[in-house]
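This report concerns only the one structure given below.
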Amino acid sequence: MSGEDPTAAFRIEAGELLEQVEQGLLDLGHRLDDMNLVNAVFRGLHTLKGSGAMFGFDALAAFTHHCESAFDRVRKGDVRATPDLVSVILSAADHMRALVDGDAPAAHGQAILDRLATAVDAAAGISAPVAAPAPRKQGWILSFRLPPDAMANGTSPLALLDELRELGEATIVATFDKLPALDDLNPGHCFVGWDCTLIGDISREAIEDVFLFVMDDMDITIAPLAVEEAGEADVAAAPEQAPVVVDAPVAANDITPRAASANRAQGEHVRVPAERLDELMDRVGELVIAQSRLSQLAGHGHDLSLRSVSEEIERLAGEMRDTMMILRMVPVSTLFGRFRRLIHDLANETGKAIELVTEGETTEVDKTVIERLFDPLVHIIRNSCDHGLEKAEDRIAAGKSANGVIRLSAHQAGGEVLITITDDWRGIDVERVRAKAEANGLIQPGQVVSEDELLGLIFHPGFSTAAQVTNLSGRGVGMDVVKRTIESLRGSIDVKSVSGQGSTITLRIPLTLAIIEGLLVRVGEGRYVIPLAAVEECLELSLEEDLRSRGRSIITLRERLVPFLRLRDLFETGTKPDTYQKIVVVGTGAERVGLVVDQIVGNHQTVIKAMSPLHRNVAAFAGATILGDGSVALILDIAQLIAMSQPREERRLAAG
Amino acid sequence: MTASILTVDDSASLRMAIRIALTGAGYTVTEAADGAEGLAKATGTRFDLIVTDLNMPNMDGLEMIRALRQQPAQAGVPIIFLTTESDDSMKAQAKAAGATGWLVKPFQPEQLIRVAQKVLAR
């Protein structure tokens, strides 16, 4: 445990609390009478306020206090939970988040509090707090008797007497008048009382402070000492002098047992900064590399015992890498959960009823991947709500339920996770896509284009079919950004749509970014890794064919023209081509390109190393890896290569 | 001999703050993240002081205090609960459950130490 910064820990915690509060509120929106939810929300706000005040987030504490009070009244049945109230507290939660981050406009907070007051007033009764009495000086005469169970409950009478002695000159006499007969004496109970004269300039508060924890349950009289009448003062019989004896207060309103609200049945968890996992991952990567060198050495030698140790290490290193992978995995529920709020807001903005269904939330994906998926998914969902969702009456006319349903699902398939976003809305209007594409010059008017290709055009930079830009999708980014982000995750995106019935967008994402399943190839002297997920097929390019295609870098593959890049030329290796070169056809979505290499070495699973800062901007490479013999192989960035192939090919066509 | 203190709170940041304050004052601190864990850690041993939050998942502070007081071995162990000023009814309930005293959030580390000294038998 290092990095001991409670404030930083609080920020993280506050984020989680707010997420819980938000989820609770969203659930509450559907089940307004669910006291477990009310309690859960209350608890979240309560903790947020308490901890916030502890760590100097005073504005947050003060603001949250109002929301907490409102929910406290809901909890006590004083105020009913209303959709309005839930809505206000939801926006309050946003404001709290801003307060945690320290960039909240105060006026905004006040506006929310005003709305909150209105919402609460809609169903409330009023109660007022009680004021406290004023101080006094002088000497004091005390008589007190602890509650019988005080000692069992952890109060030490001796500690109290010591504290009294610290206040001033104390004369303490024990009284035993309530001592029971030996048979009735419970040795754990306190039957002794004390009379005490306390001289000095002592405030009543100071004395009460001594008895702070037992005051409410004990018999105590605190009377000012009238010095002249000290002899007469019968302390035990002067109750009207001092407003002191307090009965067990407040008919406690039952709190609901909280066992049922088991929000998260959590086992033991250790919170570790992500960069430490990355560090560990790096080390494991080095280990795997060192191990494969060891295997090579052992394989060449004749030392059987060395070979058996080497195999043992190989097995262990493999297991270790797998375990390491699992450590970084988090369930997609953390991602999906965040969309409930988005859908709630979208429904409000559009005035249409939207229902979110999520499936496969337990599917686990690398944490980095999850984080980077959020923005693209937001965009896809917003976009689809904006373009596809019909009005309720149109839906009913089309024989659908009034609520538009959007379904987020995730499942694992091999080394990939498939995330699909399905809606049952009007689907993508292919004719409008065509019209727009023609208007933008993406396709020729009347050009024969398959429906899939037309749909693929929505990912083209700058493409937008929105008749007018709305708040929903008019954010200055198009679906092309979504596509690029997904590709930077080594994933792919695919869209299907049936007019009038809805559309499905499928994202295929590798489970982890840290390891890559690759095809190792040789170009000249250098070796390169092509991500296996992008590889479609491998062909032979004979020398004659190579010569024949010199002028134009295009091959015909099953009646389709596929451009190709000669990596030897691109990387300027200056070597002669092998007699039998190979073409590796790679593709993302609908686009494909052939990469001409000298030799295909084979499959290669490897740990990805990031490029150095100096080389980070080199377009064609996504990273590097170290091979078993210690040499470096660069990993090709397929999306970039495809992008590069197109202008080259266009230039060539234009020149030719 | 340093007094050993168990702190029970579902808020990791608060636990951290409490631990820093108390270990700074020379106490030995054990942490638990909710009532169930607190109960498990306290059972079979005897801390010199238990500092617990009330609002917690799994098992709240009240339940934990009640369960602890059922154990003869825990008789007389001071239990301080953390509360906020808005929680007067909670104070009564916690005391009925067997708590020794309380500390109102937000508090300064010195206040925590003072309360600890107050209830720890000298």
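Ordering of the structure tokens sets the chain letters (A, B, ...); residue numbers start at 1 within each chain; ligands are numbered from 1 in the order shown.
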
Subject >> Selection near Asp53 of chain B, 7 Å with only C-alpha atoms, sequence-local residues under 6 positions removed, as a list in words >> reply: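 Within the cut-off, the hits are Val8, Asp9, Gly61, Phe81, Leu82 and Thr83 of chain B.
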
**OP:** With a distance cut-off of 9 Å and only C-alpha atoms, select the neighbouring residues of Thr30 of chain B, excluding the residue or stretch itself and same-chain residues fewer than 4 positions from it, and output the selection as a PyMOL selection string.
**Re:** chain B and resi 4-8+19+41

Keeping all heavy atoms for every residue in the selection just given, could you write it to a file as a PDB file, in the first residue's frame?
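Output saved as part-v1.pdb:
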```pdb
ATOM      1  N   SER B   4      -4.611  -1.584  20.118  1.00  0.00           N
ATOM      2  CA  SER B   4      -4.949  -1.996  18.759  1.00  0.00           C
ATOM      3  C   SER B   4      -6.384  -1.593  18.456  1.00  0.00           C
ATOM      4  O   SER B   4      -7.283  -1.771  19.276  1.00  0.00           O
ATOM      5  CB  SER B   4      -4.762  -3.502  18.601  1.00  0.00           C
ATOM      6  OG  SER B   4      -5.708  -4.160  19.382  1.00  0.00           O
ATOM      7  N   ILE B   5      -6.558  -0.999  17.292  1.00  0.00           N
ATOM      8  CA  ILE B   5      -7.853  -0.423  16.940  1.00  0.00           C
ATOM      9  C   ILE B   5      -8.338  -1.039  15.635  1.00  0.00           C
ATOM     10  O   ILE B   5      -7.566  -1.182  14.684  1.00  0.00           O
ATOM     11  CB  ILE B   5      -7.737   1.112  16.788  1.00  0.00           C
ATOM     12  CG1 ILE B   5      -7.258   1.715  18.103  1.00  0.00           C
ATOM     13  CG2 ILE B   5      -9.073   1.717  16.364  1.00  0.00           C
ATOM     14  CD1 ILE B   5      -7.114   3.214  18.104  1.00  0.00           C
ATOM     15  N   LEU B   6      -9.606  -1.415  15.626  1.00  0.00           N
ATOM     16  CA  LEU B   6     -10.216  -1.916  14.393  1.00  0.00           C
ATOM     17  C   LEU B   6     -11.065  -0.801  13.799  1.00  0.00           C
ATOM     18  O   LEU B   6     -11.879  -0.204  14.490  1.00  0.00           O
ATOM     19  CB  LEU B   6     -11.110  -3.129  14.689  1.00  0.00           C
ATOM     20  CG  LEU B   6     -11.934  -3.667  13.509  1.00  0.00           C
ATOM     21  CD1 LEU B   6     -11.040  -4.292  12.457  1.00  0.00           C
ATOM     22  CD2 LEU B   6     -12.958  -4.686  13.997  1.00  0.00           C
ATOM     23  N   THR B   7     -10.832  -0.494  12.517  1.00  0.00           N
ATOM     24  CA  THR B   7     -11.664   0.525  11.886  1.00  0.00           C
ATOM     25  C   THR B   7     -12.489  -0.113  10.778  1.00  0.00           C
ATOM     26  O   THR B   7     -11.961  -0.838   9.943  1.00  0.00           O
ATOM     27  CB  THR B   7     -10.831   1.716  11.373  1.00  0.00           C
ATOM     28  OG1 THR B   7     -11.643   2.497  10.512  1.00  0.00           O
ATOM     29  CG2 THR B   7      -9.616   1.275  10.615  1.00  0.00           C
ATOM     30  N   VAL B   8     -13.793   0.123  10.825  1.00  0.00           N
ATOM     31  CA  VAL B   8     -14.710  -0.519   9.889  1.00  0.00           C
ATOM     32  C   VAL B   8     -15.429   0.566   9.094  1.00  0.00           C
ATOM     33  O   VAL B   8     -16.140   1.391   9.658  1.00  0.00           O
ATOM     34  CB  VAL B   8     -15.763  -1.374  10.639  1.00  0.00           C
ATOM     35  CG1 VAL B   8     -16.564  -2.204   9.647  1.00  0.00           C
ATOM     36  CG2 VAL B   8     -15.088  -2.262  11.664  1.00  0.00           C
ATOM     37  N   ARG B  19      -6.762   5.442   9.349  1.00  0.00           N
ATOM     38  CA  ARG B  19      -5.540   4.684   9.628  1.00  0.00           C
ATOM     39  C   ARG B  19      -4.357   5.627   9.772  1.00  0.00           C
ATOM     40  O   ARG B  19      -3.556   5.499  10.697  1.00  0.00           O
ATOM     41  CB  ARG B  19      -5.284   3.683   8.503  1.00  0.00           C
ATOM     42  CG  ARG B  19      -3.916   3.005   8.609  1.00  0.00           C
ATOM     43  CD  ARG B  19      -3.829   1.749   7.768  1.00  0.00           C
ATOM     44  NE  ARG B  19      -4.300   1.950   6.409  1.00  0.00           N
ATOM     45  CZ  ARG B  19      -3.595   2.568   5.469  1.00  0.00           C
ATOM     46  NH1 ARG B  19      -2.401   3.029   5.733  1.00  0.00           N
ATOM     47  NH2 ARG B  19      -4.092   2.711   4.262  1.00  0.00           N
ATOM     48  N   LYS B  41     -13.401 -10.035  11.776  1.00  0.00           N
ATOM     49  CA  LYS B  41     -12.054  -9.722  12.262  1.00  0.00           C
ATOM     50  C   LYS B  41     -12.026  -9.544  13.780  1.00  0.00           C
ATOM     51  O   LYS B  41     -11.000  -9.792  14.407  1.00  0.00           O
ATOM     52  CB  LYS B  41     -11.528  -8.460  11.571  1.00  0.00           C
ATOM     53  CG  LYS B  41     -11.194  -8.749  10.111  1.00  0.00           C
ATOM     54  CD  LYS B  41     -10.216  -7.775   9.522  1.00  0.00           C
ATOM     55  CE  LYS B  41      -9.702  -8.329   8.201  1.00  0.00           C
ATOM     56  NZ  LYS B  41      -9.251  -7.302   7.274  1.00  0.00           N
TER      57      LYS B  41
END
```

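Considering the residues B:Ala25, B:Met59, B:Val77, B:Ala40 and counting only C-alpha atoms, Leu120 of chain B has its shortest atom-to-atom contact with B:Val77.
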
**OP:** Between atom CA of Val21 of chain A and atom CA of Phe107 of chain B, measure the distance and give it in Å to one decimal.
**Re:** 24.3 Å

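The residue that comes closest to Thr52 of chain B, out of B:Leu68, B:Ile80, B:Ile18, B:Val29 and on the basis of only C-alpha atoms, is B:Ile80.
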
Any idea what's packed within 7 Å of Ala97 of chain B, counting only C-alpha atoms, ignoring anything in its chain fewer than 4 positions away? Could you give it as a PDB file with C-alpha atoms, in the first residue's frame?
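The file below, result02.pdb, is the result:
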```
ATOM      1  CA  LEU B  62     -25.748  -1.328  13.967  1.00  0.00           C
ATOM      2  CA  ILE B  65     -22.361  -3.681  17.073  1.00  0.00           C
ATOM      3  CA  ARG B  66     -25.304  -5.807  18.217  1.00  0.00           C
ATOM      4  CA  GLN B  93     -30.146   3.370  17.836  1.00  0.00           C
TER       5      GLN B  93
END
```

Original post:
Any idea which chain B residues end up within 7 Å of chain A if we count only C-alpha atoms, as a ChimeraX atom specification please?
Top reply: /B:13-14,16-17,55,57-59,75-79,84,89,92-93,98-102,105-107,119,121-122

Take the residues from that selection and write them out as an mmCIF file, in the first residue's frame, keeping N, CA, C and O atoms.
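After the write, again.cif holds the following:
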```cif
data_model
loop_
_atom_site.group_PDB
_atom_site.id
_atom_site.type_symbol
_atom_site.label_atom_id
_atom_site.label_comp_id
_atom_site.auth_asym_id
_atom_site.auth_seq_id
_atom_site.Cartn_x
_atom_site.Cartn_y
_atom_site.Cartn_z
ATOM 1 N N SER B 13 -11.333 5.638 1.285
ATOM 2 C CA SER B 13 -10.596 6.870 1.567
ATOM 3 C C SER B 13 -10.695 7.224 3.046
ATOM 4 O O SER B 13 -9.729 7.644 3.665
ATOM 5 N N LEU B 14 -11.887 6.992 3.604
ATOM 6 C CA LEU B 14 -12.067 7.308 5.012
ATOM 7 C C LEU B 14 -11.229 6.364 5.879
ATOM 8 O O LEU B 14 -10.589 6.780 6.842
ATOM 9 N N MET B 16 -8.559 5.011 5.034
ATOM 10 C CA MET B 16 -7.166 5.423 4.893
ATOM 11 C C MET B 16 -6.878 6.608 5.805
ATOM 12 O O MET B 16 -5.879 6.636 6.521
ATOM 13 N N ALA B 17 -7.799 7.571 5.807
ATOM 14 C CA ALA B 17 -7.594 8.761 6.636
ATOM 15 C C ALA B 17 -7.531 8.370 8.114
ATOM 16 O O ALA B 17 -6.699 8.860 8.873
ATOM 17 N N ASN B 55 -23.495 3.320 8.164
ATOM 18 C CA ASN B 55 -24.087 3.021 6.865
ATOM 19 C C ASN B 55 -23.133 2.206 6.019
ATOM 20 O O ASN B 55 -22.194 2.727 5.455
ATOM 21 N N PRO B 57 -22.736 -1.501 3.364
ATOM 22 C CA PRO B 57 -23.392 -2.644 2.737
ATOM 23 C C PRO B 57 -23.083 -3.934 3.503
ATOM 24 O O PRO B 57 -22.270 -3.915 4.420
ATOM 25 N N ASN B 58 -23.705 -5.014 3.063
ATOM 26 C CA ASN B 58 -23.527 -6.358 3.639
ATOM 27 C C ASN B 58 -24.037 -6.434 5.073
ATOM 28 O O ASN B 58 -25.036 -7.062 5.346
ATOM 29 N N MET B 59 -23.344 -5.802 5.998
ATOM 30 C CA MET B 59 -23.870 -5.750 7.352
ATOM 31 C C MET B 59 -23.607 -4.346 7.824
ATOM 32 O O MET B 59 -22.467 -3.882 7.757
ATOM 33 N N ALA B 75 -17.445 -7.778 25.728
ATOM 34 C CA ALA B 75 -18.015 -6.872 26.727
ATOM 35 C C ALA B 75 -16.951 -5.858 27.120
ATOM 36 O O ALA B 75 -15.799 -6.218 27.353
ATOM 37 N N GLY B 76 -17.348 -4.614 27.170
ATOM 38 C CA GLY B 76 -16.431 -3.590 27.636
ATOM 39 C C GLY B 76 -15.489 -3.060 26.576
ATOM 40 O O GLY B 76 -14.757 -2.121 26.831
ATOM 41 N N VAL B 77 -15.510 -3.635 25.386
ATOM 42 C CA VAL B 77 -14.668 -3.063 24.325
ATOM 43 C C VAL B 77 -15.323 -1.771 23.854
ATOM 44 O O VAL B 77 -16.481 -1.777 23.449
ATOM 45 N N PRO B 78 -14.638 -0.657 23.925
ATOM 46 C CA PRO B 78 -15.263 0.587 23.464
ATOM 47 C C PRO B 78 -15.512 0.546 21.954
ATOM 48 O O PRO B 78 -14.636 0.105 21.202
ATOM 49 N N ILE B 79 -16.691 0.958 21.570
ATOM 50 C CA ILE B 79 -17.016 1.032 20.147
ATOM 51 C C ILE B 79 -17.465 2.449 19.819
ATOM 52 O O ILE B 79 -18.439 2.946 20.376
ATOM 53 N N THR B 84 -23.178 11.541 11.053
ATOM 54 C CA THR B 84 -23.238 12.948 10.663
ATOM 55 C C THR B 84 -24.284 13.639 11.517
ATOM 56 O O THR B 84 -25.126 12.993 12.118
ATOM 57 N N SER B 89 -31.365 10.237 15.260
ATOM 58 C CA SER B 89 -32.042 8.992 15.597
ATOM 59 C C SER B 89 -31.061 7.831 15.511
ATOM 60 O O SER B 89 -31.165 6.856 16.247
ATOM 61 N N ALA B 92 -29.199 7.314 18.788
ATOM 62 C CA ALA B 92 -29.940 6.570 19.795
ATOM 63 C C ALA B 92 -29.923 5.084 19.474
ATOM 64 O O ALA B 92 -29.711 4.246 20.357
ATOM 65 N N GLN B 93 -30.127 4.785 18.209
ATOM 66 C CA GLN B 93 -30.146 3.370 17.836
ATOM 67 C C GLN B 93 -28.804 2.713 18.059
ATOM 68 O O GLN B 93 -28.720 1.580 18.528
ATOM 69 N N GLY B 98 -25.421 -0.847 21.655
ATOM 70 C CA GLY B 98 -24.267 -1.142 22.492
ATOM 71 C C GLY B 98 -23.014 -0.360 22.174
ATOM 72 O O GLY B 98 -21.931 -0.706 22.619
ATOM 73 N N ALA B 99 -23.174 0.722 21.412
ATOM 74 C CA ALA B 99 -22.004 1.534 21.104
ATOM 75 C C ALA B 99 -21.602 2.362 22.318
ATOM 76 O O ALA B 99 -22.437 2.682 23.167
ATOM 77 N N THR B 100 -20.326 2.710 22.384
ATOM 78 C CA THR B 100 -19.839 3.478 23.510
ATOM 79 C C THR B 100 -19.967 4.973 23.248
ATOM 80 O O THR B 100 -20.348 5.739 24.118
ATOM 81 N N GLY B 101 -19.632 5.370 22.042
ATOM 82 C CA GLY B 101 -19.660 6.795 21.744
ATOM 83 C C GLY B 101 -19.633 7.011 20.257
ATOM 84 O O GLY B 101 -19.705 6.058 19.482
ATOM 85 N N TRP B 102 -19.541 8.263 19.876
ATOM 86 C CA TRP B 102 -19.616 8.555 18.456
ATOM 87 C C TRP B 102 -18.680 9.691 18.093
ATOM 88 O O TRP B 102 -18.158 10.383 18.973
ATOM 89 N N LYS B 105 -19.021 13.244 11.672
ATOM 90 C CA LYS B 105 -18.313 13.580 10.434
ATOM 91 C C LYS B 105 -18.793 14.951 9.949
ATOM 92 O O LYS B 105 -19.970 15.241 10.065
ATOM 93 N N PRO B 106 -18.001 15.799 9.365
ATOM 94 C CA PRO B 106 -16.567 15.575 9.182
ATOM 95 C C PRO B 106 -15.787 15.844 10.451
ATOM 96 O O PRO B 106 -16.195 16.683 11.246
ATOM 97 N N PHE B 107 -14.690 15.139 10.645
ATOM 98 C CA PHE B 107 -13.881 15.382 11.835
ATOM 99 C C PHE B 107 -12.430 15.568 11.443
ATOM 100 O O PHE B 107 -11.987 15.128 10.397
ATOM 101 N N VAL B 119 -11.991 7.179 25.340
ATOM 102 C CA VAL B 119 -12.627 5.913 25.698
ATOM 103 C C VAL B 119 -11.633 4.806 26.008
ATOM 104 O O VAL B 119 -12.016 3.788 26.579
ATOM 105 N N ALA B 121 -9.263 2.922 28.102
ATOM 106 C CA ALA B 121 -8.939 2.933 29.524
ATOM 107 C C ALA B 121 -7.450 3.203 29.683
ATOM 108 O O ALA B 121 -6.639 2.645 28.951
ATOM 109 N N ARG B 122 -7.111 4.094 30.615
ATOM 110 C CA ARG B 122 -5.688 4.434 30.756
ATOM 111 C C ARG B 122 -4.945 3.418 31.602
ATOM 112 O O ARG B 122 -5.533 2.805 32.466
#
```

Original post:
For Val104 of chain B, which residue out of B:Ala32, B:Asp48, B:Arg15, B:Leu54 is the nearest one, using only C-alpha atoms?
Top reply: B:Leu54

Neighbours of segment 284-290 of chain A within 7 Å (only C-alpha atoms; same-chain residues fewer than 2 positions away dropped), as a CSV table (one decimal) with N, CA, C and O atoms, in the first residue's frame?
```csv
chain,number,residue,atom,x,y,z
A,280,LEU,N,3.7,-4.9,-15.0
A,280,LEU,CA,3.8,-6.3,-14.8
A,280,LEU,C,3.7,-7.0,-16.1
A,280,LEU,O,4.4,-8.0,-16.4
A,281,MET,N,2.8,-6.5,-16.9
A,281,MET,CA,2.6,-7.1,-18.3
A,281,MET,C,3.8,-7.0,-19.1
A,281,MET,O,4.2,-8.0,-19.7
A,282,ASP,N,4.5,-5.9,-19.0
A,282,ASP,CA,5.8,-5.7,-19.7
A,282,ASP,C,6.8,-6.7,-19.2
A,282,ASP,O,7.5,-7.4,-20.1
A,292,SER,N,11.5,-17.8,-24.8
A,292,SER,CA,11.6,-18.4,-26.1
A,292,SER,C,13.0,-18.5,-26.6
A,292,SER,O,13.4,-19.4,-27.4
A,293,ARG,N,13.9,-17.6,-26.2
A,293,ARG,CA,15.3,-17.7,-26.5
A,293,ARG,C,15.9,-18.9,-25.8
A,293,ARG,O,16.7,-19.7,-26.4
A,294,LEU,N,15.5,-19.1,-24.6
A,294,LEU,CA,16.0,-20.3,-23.8
A,294,LEU,C,15.6,-21.6,-24.5
A,294,LEU,O,16.4,-22.5,-24.7
A,317,ALA,N,5.6,-19.8,-18.0
A,317,ALA,CA,5.6,-18.5,-18.6
A,317,ALA,C,4.3,-18.3,-19.3
A,317,ALA,O,3.6,-17.3,-19.3
A,321,ARG,N,1.4,-15.6,-18.4
A,321,ARG,CA,0.8,-14.7,-19.3
A,321,ARG,C,-0.7,-14.7,-19.4
A,321,ARG,O,-1.4,-13.7,-19.4
A,607,VAL,N,3.7,-10.5,-27.6
A,607,VAL,CA,3.4,-9.4,-26.7
A,607,VAL,C,3.7,-8.1,-27.5
A,607,VAL,O,4.8,-8.0,-28.0
A,626,ILE,N,9.5,-8.6,-30.0
A,626,ILE,CA,10.8,-9.2,-30.0
A,626,ILE,C,10.6,-10.7,-30.3
A,626,ILE,O,9.9,-11.4,-29.6
A,627,LEU,N,11.4,-11.2,-31.2
A,627,LEU,CA,11.3,-12.6,-31.6
A,627,LEU,C,12.2,-13.5,-30.7
A,627,LEU,O,13.0,-12.9,-30.0
A,628,GLY,N,11.9,-14.8,-30.9
A,628,GLY,CA,12.7,-15.7,-30.0
A,628,GLY,C,14.2,-15.6,-30.1
A,628,GLY,O,14.9,-15.8,-29.1
```

**OP:** Fewer than 3 positions away in the same chain doesn't count, so skip those; otherwise give me all residues within 6 Å of Trp425 of chain A, counting only C-alpha atoms, as a PyMOL selection string.
**Re:** chain A and resi 388-389+501-502

Original post:
What is the distance, in Å and to one decimal place, between atom CA of Phe621 of chain A and atom CA of Ser553 of chain A?
Top reply: 21.4 Å

**OP:** For atom CA of Glu355 of chain A and atom CA of Leu18 of chain A, quote the distance in Å rounded to one decimal.
**Re:** 22.3 Å

Original post:
If you run DSSP on this backbone, which residues of chain B come out as alpha helix (DSSP H), and could you give them as a ChimeraX atom specification?
Top reply: /B:12-24,35-42,61-70,88-97,109-119

Original post:
If we count only C-alpha atoms, what is near Pro180 of chain A at a cut-off of 12 Å, once residues fewer than 6 positions away on the same chain are taken out, given as a ChimeraX atom specification?
Top reply: /A:186-187,189-192

Keeping only N, CA, C and O atoms, take the residues you just selected and write them out as a compact mmCIF listing (two decimals), in the first residue's frame.
```txt
# COMPACT_ATOMS: atom_id res chain seq x y z
N ASN A 186 -25.15 -8.42 39.32
CA ASN A 186 -24.54 -8.77 38.03
C ASN A 186 -23.19 -8.08 37.98
O ASN A 186 -23.12 -6.85 37.94
N PRO A 187 -22.12 -8.87 37.99
CA PRO A 187 -20.80 -8.23 38.09
C PRO A 187 -20.46 -7.35 36.88
O PRO A 187 -19.58 -6.50 36.97
N HIS A 189 -22.53 -5.17 35.60
CA HIS A 189 -23.27 -3.92 35.66
C HIS A 189 -22.63 -2.94 36.61
O HIS A 189 -21.91 -3.32 37.52
N CYS A 190 -22.94 -1.70 36.37
CA CYS A 190 -22.38 -0.65 37.22
C CYS A 190 -23.45 -0.16 38.18
O CYS A 190 -24.43 0.45 37.76
N PHE A 191 -23.30 -0.47 39.49
CA PHE A 191 -24.31 -0.07 40.47
C PHE A 191 -23.86 1.12 41.29
O PHE A 191 -24.59 1.61 42.13
N VAL A 192 -22.65 1.54 41.04
CA VAL A 192 -22.10 2.62 41.86
C VAL A 192 -22.52 3.97 41.29
O VAL A 192 -22.58 4.13 40.07
```

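Using only C-alpha atoms for every distance, the candidate list A:Leu567, A:Asp209, A:Ala81, A:Thr323 yields A:Asp209 as the residue closest to Lys118 of chain B.
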
**OP:** Would you kindly return, as a VMD selection string, each protein, DNA or RNA residue with an atom no farther than 7 Å from any atom of Leu539 of chain A, considering only C-alpha atoms and excluding same-chain residues fewer than 3 positions away?
**Re:** chain A and resid 582 to 584

File dump, residues just selected, N, CA, C and O atoms, as a PDB file, in the first residue's frame:
```pdb
ATOM      1  N   LYS A 582       4.889 -13.813 -52.036  1.00  0.00           N
ATOM      2  CA  LYS A 582       3.536 -14.129 -51.578  1.00  0.00           C
ATOM      3  C   LYS A 582       2.745 -12.827 -51.456  1.00  0.00           C
ATOM      4  O   LYS A 582       3.317 -11.773 -51.168  1.00  0.00           O
ATOM      5  N   ILE A 583       1.453 -12.962 -51.697  1.00  0.00           N
ATOM      6  CA  ILE A 583       0.570 -11.832 -51.412  1.00  0.00           C
ATOM      7  C   ILE A 583      -0.297 -12.211 -50.224  1.00  0.00           C
ATOM      8  O   ILE A 583      -0.975 -13.234 -50.254  1.00  0.00           O
ATOM      9  N   VAL A 584      -0.231 -11.411 -49.200  1.00  0.00           N
ATOM     10  CA  VAL A 584      -1.119 -11.623 -48.062  1.00  0.00           C
ATOM     11  C   VAL A 584      -2.262 -10.624 -48.225  1.00  0.00           C
ATOM     12  O   VAL A 584      -2.044  -9.415 -48.226  1.00  0.00           O
TER      13      VAL A 584
END
```

Original post:
In terms of the shortest atom-to-atom distance over only C-alpha atoms, which of B:Thr45, B:Thr2, B:Gln108, B:Gln74 is closest to Ile20 of chain B?
Top reply: B:Gln108

**OP:** For each of B:Ala42, B:Ala3, B:Ile50, B:Ala12, take the minimum atom-to-atom distance to Thr28 of chain B, counting only C-alpha atoms, then give the residue where this is smallest.
**Re:**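 Checking each candidate against Thr28 of chain B, we get B:Ala3 as the closest.
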